[in-house]
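File shown here: start.csv, holding CSV, C-alpha atoms and all ligand atoms.
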chain,number,residue,atom,x,y,z
A,276,MET,CA,0.0,0.0,0.0
A,277,LEU,CA,1.4,3.4,-1.0
A,278,PRO,CA,1.2,6.2,1.5
A,279,VAL,CA,-1.5,8.8,0.8
A,280,VAL,CA,-0.5,12.4,0.9
A,281,ALA,CA,-3.3,15.0,1.0
A,282,LEU,CA,-2.9,18.6,-0.2
A,283,VAL,CA,-5.1,20.9,1.8
A,284,GLY,CA,-5.4,24.7,2.3
A,285,ARG,CA,-7.5,27.6,1.3
A,286,PRO,CA,-8.1,28.2,-2.4
A,287,ASN,CA,-5.3,29.7,-4.6
A,288,VAL,CA,-2.3,28.7,-2.4
A,289,GLY,CA,-0.9,26.3,-5.1
A,290,LYS,CA,-2.3,22.9,-4.3
A,291,SER,CA,-3.0,21.9,-7.9
A,292,THR,CA,0.3,23.3,-9.1
A,293,LEU,CA,2.0,21.0,-6.6
A,294,PHE,CA,-0.2,18.1,-7.6
A,295,ASN,CA,0.7,18.6,-11.2
A,296,ARG,CA,4.4,18.7,-10.4
A,297,LEU,CA,4.2,15.5,-8.3
A,298,THR,CA,2.2,13.6,-10.9
A,299,ARG,CA,3.7,15.3,-13.9
A,300,THR,CA,0.3,15.6,-15.5
A,301,ARG,CA,-2.0,18.4,-16.4
A,302,ASP,CA,-4.8,16.5,-14.9
A,303,ALA,CA,-5.4,18.7,-11.9
A,304,LEU,CA,-6.9,22.0,-13.0
A,305,VAL,CA,-4.7,25.0,-12.3
A,306,ALA,CA,-6.2,28.4,-12.6
A,307,ASP,CA,-5.7,32.0,-11.6
A,308,PHE,CA,-9.0,32.1,-9.8
A,309,PRO,CA,-9.9,30.3,-6.5
A,310,GLY,CA,-12.1,27.2,-6.2
A,311,LEU,CA,-11.7,25.6,-9.6
A,312,THR,CA,-11.1,22.1,-8.3
A,313,ARG,CA,-14.5,21.0,-7.0
A,314,ASP,CA,-13.8,17.5,-6.0
A,315,ARG,CA,-10.8,15.7,-4.6
A,316,LYS,CA,-8.6,14.2,-7.2
A,317,TYR,CA,-6.1,11.4,-7.0
A,318,GLY,CA,-2.8,10.9,-8.7
A,319,GLN,CA,0.0,8.5,-8.4
A,320,ALA,CA,3.3,10.1,-7.8
A,321,ASN,CA,6.8,8.8,-8.5
A,322,TYR,CA,8.9,11.8,-7.6
A,323,GLU,CA,12.7,11.3,-7.3
A,324,GLY,CA,12.1,7.7,-6.5
A,325,LEU,CA,9.5,8.4,-3.8
A,326,GLN,CA,6.2,6.7,-4.6
A,327,PHE,CA,2.9,7.7,-3.1
A,328,ILE,CA,-0.7,8.6,-3.8
A,329,VAL,CA,-1.4,12.3,-3.8
A,330,VAL,CA,-4.8,13.9,-3.3
A,331,ASP,CA,-5.6,17.4,-4.5
A,332,THR,CA,-8.6,19.1,-2.9
A,333,GLY,CA,-10.7,22.1,-3.7
A,334,GLY,CA,-9.7,24.1,-0.7
A,335,ILE,CA,-11.3,25.3,2.6
A,336,SER,CA,-12.0,28.9,3.1
A,337,GLY,CA,-13.4,28.6,6.6
A,338,ASP,CA,-16.8,30.2,6.1
A,339,GLU,CA,-18.3,27.8,3.6
A,340,GLN,CA,-21.9,27.7,2.2
A,341,GLY,CA,-23.5,26.0,-0.7
A,342,ILE,CA,-21.0,24.6,-3.3
A,343,ASP,CA,-18.1,25.8,-1.1
A,344,MET,CA,-19.5,23.6,1.7
A,345,ALA,CA,-19.2,20.6,-0.5
A,346,MET,CA,-15.7,21.5,-1.4
A,347,ALA,CA,-14.8,21.8,2.3
A,348,ASN,CA,-16.3,18.4,2.9
A,349,GLN,CA,-14.1,16.9,0.2
A,350,SER,CA,-11.1,18.4,2.0
A,351,LEU,CA,-12.2,16.9,5.3
A,352,MET,CA,-12.6,13.5,3.7
A,353,ALA,CA,-9.2,13.8,2.1
A,354,ILE,CA,-7.6,14.6,5.5
A,355,ASP,CA,-9.4,11.6,7.0
A,356,GLU,CA,-8.0,9.1,4.5
A,357,ALA,CA,-4.4,10.6,4.4
A,358,ASP,CA,-1.3,9.3,6.0
A,359,VAL,CA,0.3,12.7,5.6
A,360,VAL,CA,-1.3,16.1,5.3
A,361,LEU,CA,0.5,18.9,3.5
A,362,PHE,CA,-1.1,22.1,4.7
A,363,LEU,CA,-0.3,24.7,2.1
A,364,VAL,CA,-0.2,28.4,2.8
A,365,ASP,CA,0.8,31.3,0.6
A,366,ALA,CA,4.1,32.9,1.7
A,367,ARG,CA,3.3,36.0,-0.5
A,368,VAL,CA,-0.1,36.6,1.2
A,369,GLY,CA,1.0,35.7,4.7
A,370,LEU,CA,-1.1,34.3,7.5
A,371,THR,CA,-4.9,34.6,7.1
A,372,GLY,CA,-7.9,33.9,9.3
A,373,ALA,CA,-8.8,31.1,7.0
A,374,ASP,CA,-5.4,29.5,7.5
A,375,GLN,CA,-5.9,29.7,11.3
A,376,GLY,CA,-9.4,28.1,11.0
A,377,ILE,CA,-7.9,25.2,9.0
A,378,ALA,CA,-5.0,24.8,11.4
A,379,GLU,CA,-7.5,24.6,14.3
A,380,HIS,CA,-9.2,21.7,12.6
A,381,LEU,CA,-5.9,20.0,11.7
A,382,ARG,CA,-4.6,20.3,15.3
A,383,LYS,CA,-7.5,18.1,16.4
A,384,GLN,CA,-6.7,15.3,14.0
A,385,ASN,CA,-4.4,12.5,14.8
A,386,LYS,CA,-2.4,13.0,11.6
A,387,SER,CA,1.1,13.9,10.5
A,388,VAL,CA,0.6,17.5,9.4
A,389,TYR,CA,3.3,19.6,7.7
A,390,VAL,CA,2.9,23.3,7.1
A,391,VAL,CA,4.1,24.2,3.6
A,392,ALA,CA,4.7,27.8,2.7
A,393,ASN,CA,4.4,28.0,-1.1
A,394,LYS,CA,5.5,30.7,-3.6
A,395,VAL,CA,8.8,31.5,-2.0
A,396,ASP,CA,10.4,32.2,-5.4
A,397,GLY,CA,11.7,35.8,-5.6
A,398,ILE,CA,10.9,36.7,-2.0
A,399,ASP,CA,12.7,36.4,1.3
A,400,GLY,CA,11.2,33.0,2.3
A,401,ASP,CA,12.6,33.0,5.8
A,402,SER,CA,11.0,36.3,6.8
A,403,GLU,CA,7.8,35.8,4.9
A,404,SER,CA,7.3,32.3,6.4
A,405,ALA,CA,8.0,33.2,10.0
A,406,ASP,CA,4.3,34.2,10.7
A,407,PHE,CA,3.2,30.6,10.0
A,408,PHE,CA,4.8,29.2,13.2
A,409,ALA,CA,1.8,30.8,14.9
A,410,LEU,CA,-0.3,28.1,13.4
A,411,GLY,CA,1.0,25.8,16.1
A,412,LEU,CA,1.8,22.9,13.7
A,413,GLY,CA,5.6,23.0,13.9
A,414,ASP,CA,8.2,23.8,11.3
A,415,VAL,CA,7.4,25.7,8.2
A,416,ASN,CA,8.6,24.0,5.0
A,417,GLN,CA,9.3,26.4,2.2
A,418,ILE,CA,8.6,25.5,-1.4
A,419,ALA,CA,8.0,27.0,-4.8
A,420,ALA,CA,5.6,24.5,-6.4
A,421,ALA,CA,5.7,26.2,-9.7
A,422,HIS,CA,9.5,25.8,-10.0
A,423,GLY,CA,10.1,22.7,-7.9
A,424,ARG,CA,12.2,24.4,-5.3
A,425,GLY,CA,12.2,22.6,-1.9
A,426,VAL,CA,9.9,19.9,-3.1
A,427,THR,CA,12.3,16.9,-2.9
A,428,GLN,CA,13.4,18.1,0.5
A,429,LEU,CA,9.8,18.4,1.7
A,430,LEU,CA,8.9,14.9,0.5
A,431,THR,CA,12.0,13.3,1.9
A,432,HIS,CA,11.2,14.9,5.2
A,433,THR,CA,7.5,14.0,5.3
A,434,LEU,CA,7.6,10.5,3.9
A,435,MET,CA,10.7,9.2,5.6
A,436,PRO,CA,9.0,8.6,9.0
A,437,LEU,CA,6.3,6.3,7.5
B,501,LIG,P1,-5.0,26.0,-5.7
B,501,LIG,O1,-6.3,26.8,-5.7
B,501,LIG,O2,-4.5,25.9,-4.2
B,501,LIG,O3,-5.1,24.7,-6.3
B,501,LIG,O4,-3.9,26.9,-6.4
B,501,LIG,P2,-3.4,26.7,-7.9
B,501,LIG,O5,-2.4,25.6,-8.0
B,501,LIG,O6,-4.5,26.8,-8.9
B,501,LIG,O7,-2.5,28.1,-8.0
B,501,LIG,C1,-3.0,29.3,-7.8
B,501,LIG,C2,-2.1,30.4,-8.4
B,501,LIG,O8,-0.9,30.4,-7.7
B,501,LIG,C3,-1.8,30.2,-9.9
B,501,LIG,O9,-1.8,31.4,-10.5
B,501,LIG,C4,-0.4,29.5,-9.8
B,501,LIG,O10,0.3,29.8,-11.0
B,501,LIG,C5,0.2,30.3,-8.7
B,501,LIG,N1,1.3,29.6,-8.1
B,501,LIG,C6,1.3,28.3,-7.7
B,501,LIG,N2,2.6,27.9,-7.2
B,501,LIG,C7,3.3,29.0,-7.3
B,501,LIG,C8,4.7,29.3,-6.9
B,501,LIG,O11,5.5,28.4,-6.5
B,501,LIG,N3,5.2,30.5,-7.1
B,501,LIG,C9,4.4,31.5,-7.6
B,501,LIG,N4,4.9,32.7,-7.8
B,501,LIG,N5,3.1,31.3,-8.0
B,501,LIG,C10,2.6,30.1,-7.8
B,502,MG,MG,-6.8,23.7,-7.2

Please, can you express the file's structure as structure tokens?
Amino acid sequence: MLPVVALVGRPNVGKSTLFNRLTRTRDALVADFPGLTRDRKYGQANYEGLQFIVVDTGGISGDEQGIDMAMANQSLMAIDEADVVLFLVDARVGLTGADQGIAEHLRKQNKSVYVVANKVDGIDGDSESADFFALGLGDVNQIAAAHGRGVTQLLTHTLMPL
């Protein structure tokens, strides 16, 4: 059985971009507007020799209603079935209330959760990521999903303990 890695976080943080990189497909929809991925989506990843199932989700905004509620439910199910949760946040936007709401949920789960600050390309990753320690979920892993920076290191770090 391959380990299952779920990508969660609010819309537009780069979950589908990371999914595409890990699966090397264009299957997961990537868009400039939030909320395009309505359902959870599975892919098989073989990244630098690491094999796992990766699950892309539509995102959680924290104040869902209607279709957004269904998207949030998909994310909660993905968290439930995952061995590892990668909680993506946007290093360019910084810490948001929605991030804090998601963290509150994740802290209650008995899961391996890793905070992943995405989009550190062209910015000072260390200073922009510092705020995310306040999420209370440990170290902040910096990546640039669009360019692949930090991704191998992140996966090695998160999959090794399994
Ligand atoms: P999702 O809603 O979380 O799935 O986010 P997407 O993967 O659709 O990405 C949202 C936006 O962020 C798109 O415009 C991406 O091109 C952009 N993006 C994703 N990863 C990076 C990154 O590493 N650096 C930068 N600068 N932009 C990124
Ligand atoms: Mg998406």

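Nearest residue to Gly324 (chain A), choosing from A:Pro436, A:Leu430, A:Ser350, A:Lys290 and counting all atoms listed in the file: A:Leu430.
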
Around all of ligand LIG 501 (chain B)'s listed atoms, make the axis-aligned box with 5 Å on each side and tell me centre and edge lengths in Å to one decimal, as AutoDock Vina command-line options.
--center_x -0.4 --center_y 28.7 --center_z -7.6 --size_x 21.8 --size_y 18.0 --size_z 16.8

Exercise for the section: Using CA of Val288 (chain A) and CA of Ile377 (chain A) as the two end points, give the distance in Å to one decimal. Expected result: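 Between CA of Val288 (chain A) and CA of Ile377 (chain A) the gap is 13.2 Å.
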
Practice task
Kindly indicate which residue among A:Leu293, A:Arg285, A:Phe408, A:Asp374 lies nearest to Gly333 (chain A), using all atoms listed in the file for the distances.
Solution key: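 Checking each of A:Leu293, A:Arg285, A:Phe408, A:Asp374 against Gly333 (chain A), counting all atoms listed in the file, the winner is A:Arg285.
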
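Atom pair CA of Asp406 (chain A) / CA of Phe362 (chain A) has a distance of 14.5 Å (rounded to one decimal).
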
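What separates atom O8 of ligand LIG 501 (chain B) from CA of Ser387 (chain A) is a distance of 24.6 Å.
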
Can region 280-303 of chain A be brought up to N, CA and C atoms and written out as a PDB file, keeping the file's coordinate frame?
ATOM      1  N   VAL A 280      -0.869  11.087   0.501  1.00  0.00           N
ATOM      2  CA  VAL A 280      -0.500  12.400   0.900  1.00  0.00           C
ATOM      3  C   VAL A 280      -1.613  13.390   0.403  1.00  0.00           C
ATOM      4  N   ALA A 281      -2.256  14.076   1.325  1.00  0.00           N
ATOM      5  CA  ALA A 281      -3.300  15.000   1.000  1.00  0.00           C
ATOM      6  C   ALA A 281      -2.806  16.438   0.941  1.00  0.00           C
ATOM      7  N   LEU A 282      -3.212  17.178  -0.082  1.00  0.00           N
ATOM      8  CA  LEU A 282      -2.900  18.600  -0.200  1.00  0.00           C
ATOM      9  C   LEU A 282      -4.076  19.412   0.207  1.00  0.00           C
ATOM     10  N   VAL A 283      -3.967  20.127   1.323  1.00  0.00           N
ATOM     11  CA  VAL A 283      -5.100  20.900   1.800  1.00  0.00           C
ATOM     12  C   VAL A 283      -4.646  22.370   2.018  1.00  0.00           C
ATOM     13  N   GLY A 284      -5.633  23.245   2.140  1.00  0.00           N
ATOM     14  CA  GLY A 284      -5.400  24.700   2.300  1.00  0.00           C
ATOM     15  C   GLY A 284      -6.435  25.452   1.633  1.00  0.00           C
ATOM     16  N   ARG A 285      -6.424  26.758   1.891  1.00  0.00           N
ATOM     17  CA  ARG A 285      -7.500  27.600   1.300  1.00  0.00           C
ATOM     18  C   ARG A 285      -7.217  27.674  -0.231  1.00  0.00           C
ATOM     19  N   PRO A 286      -8.225  28.111  -0.990  1.00  0.00           N
ATOM     20  CA  PRO A 286      -8.100  28.200  -2.400  1.00  0.00           C
ATOM     21  C   PRO A 286      -6.917  29.159  -2.819  1.00  0.00           C
ATOM     22  N   ASN A 287      -6.274  28.828  -3.932  1.00  0.00           N
ATOM     23  CA  ASN A 287      -5.300  29.700  -4.600  1.00  0.00           C
ATOM     24  C   ASN A 287      -3.872  29.671  -3.930  1.00  0.00           C
ATOM     25  N   VAL A 288      -3.630  28.737  -3.034  1.00  0.00           N
ATOM     26  CA  VAL A 288      -2.300  28.700  -2.400  1.00  0.00           C
ATOM     27  C   VAL A 288      -1.310  27.849  -3.245  1.00  0.00           C
ATOM     28  N   GLY A 289      -1.829  27.106  -4.245  1.00  0.00           N
ATOM     29  CA  GLY A 289      -0.900  26.300  -5.100  1.00  0.00           C
ATOM     30  C   GLY A 289      -1.018  24.833  -4.995  1.00  0.00           C
ATOM     31  N   LYS A 290      -2.124  24.330  -4.455  1.00  0.00           N
ATOM     32  CA  LYS A 290      -2.300  22.900  -4.300  1.00  0.00           C
ATOM     33  C   LYS A 290      -2.232  22.135  -5.614  1.00  0.00           C
ATOM     34  N   SER A 291      -2.987  22.635  -6.599  1.00  0.00           N
ATOM     35  CA  SER A 291      -3.000  21.900  -7.900  1.00  0.00           C
ATOM     36  C   SER A 291      -1.719  22.040  -8.636  1.00  0.00           C
ATOM     37  N   THR A 292      -1.028  23.146  -8.448  1.00  0.00           N
ATOM     38  CA  THR A 292       0.300  23.300  -9.100  1.00  0.00           C
ATOM     39  C   THR A 292       1.251  22.241  -8.499  1.00  0.00           C
ATOM     40  N   LEU A 293       1.181  22.041  -7.187  1.00  0.00           N
ATOM     41  CA  LEU A 293       2.000  21.000  -6.600  1.00  0.00           C
ATOM     42  C   LEU A 293       1.594  19.625  -7.025  1.00  0.00           C
ATOM     43  N   PHE A 294       0.284  19.394  -7.091  1.00  0.00           N
ATOM     44  CA  PHE A 294      -0.200  18.100  -7.600  1.00  0.00           C
ATOM     45  C   PHE A 294       0.311  17.794  -8.958  1.00  0.00           C
ATOM     46  N   ASN A 295       0.249  18.779  -9.834  1.00  0.00           N
ATOM     47  CA  ASN A 295       0.700  18.600 -11.200  1.00  0.00           C
ATOM     48  C   ASN A 295       2.217  18.257 -11.232  1.00  0.00           C
ATOM     49  N   ARG A 296       2.962  18.945 -10.404  1.00  0.00           N
ATOM     50  CA  ARG A 296       4.400  18.700 -10.400  1.00  0.00           C
ATOM     51  C   ARG A 296       4.664  17.273  -9.872  1.00  0.00           C
ATOM     52  N   LEU A 297       3.931  16.858  -8.860  1.00  0.00           N
ATOM     53  CA  LEU A 297       4.200  15.500  -8.300  1.00  0.00           C
ATOM     54  C   LEU A 297       3.741  14.411  -9.206  1.00  0.00           C
ATOM     55  N   THR A 298       2.685  14.646  -9.980  1.00  0.00           N
ATOM     56  CA  THR A 298       2.200  13.600 -10.900  1.00  0.00           C
ATOM     57  C   THR A 298       2.650  13.795 -12.293  1.00  0.00           C
ATOM     58  N   ARG A 299       3.261  14.950 -12.547  1.00  0.00           N
ATOM     59  CA  ARG A 299       3.700  15.300 -13.900  1.00  0.00           C
ATOM     60  C   ARG A 299       2.638  15.176 -14.934  1.00  0.00           C
ATOM     61  N   THR A 300       1.441  15.595 -14.567  1.00  0.00           N
ATOM     62  CA  THR A 300       0.300  15.600 -15.500  1.00  0.00           C
ATOM     63  C   THR A 300      -0.280  16.994 -15.514  1.00  0.00           C
ATOM     64  N   ARG A 301      -1.173  17.222 -16.436  1.00  0.00           N
ATOM     65  CA  ARG A 301      -2.000  18.400 -16.400  1.00  0.00           C
ATOM     66  C   ARG A 301      -3.376  18.125 -15.930  1.00  0.00           C
ATOM     67  N   ASP A 302      -3.506  16.985 -15.273  1.00  0.00           N
ATOM     68  CA  ASP A 302      -4.800  16.500 -14.900  1.00  0.00           C
ATOM     69  C   ASP A 302      -5.523  17.381 -13.869  1.00  0.00           C
ATOM     70  N   ALA A 303      -4.775  17.816 -12.883  1.00  0.00           N
ATOM     71  CA  ALA A 303      -5.400  18.700 -11.900  1.00  0.00           C
ATOM     72  C   ALA A 303      -5.508  20.078 -12.497  1.00  0.00           C
TER      73      ALA A 303
END
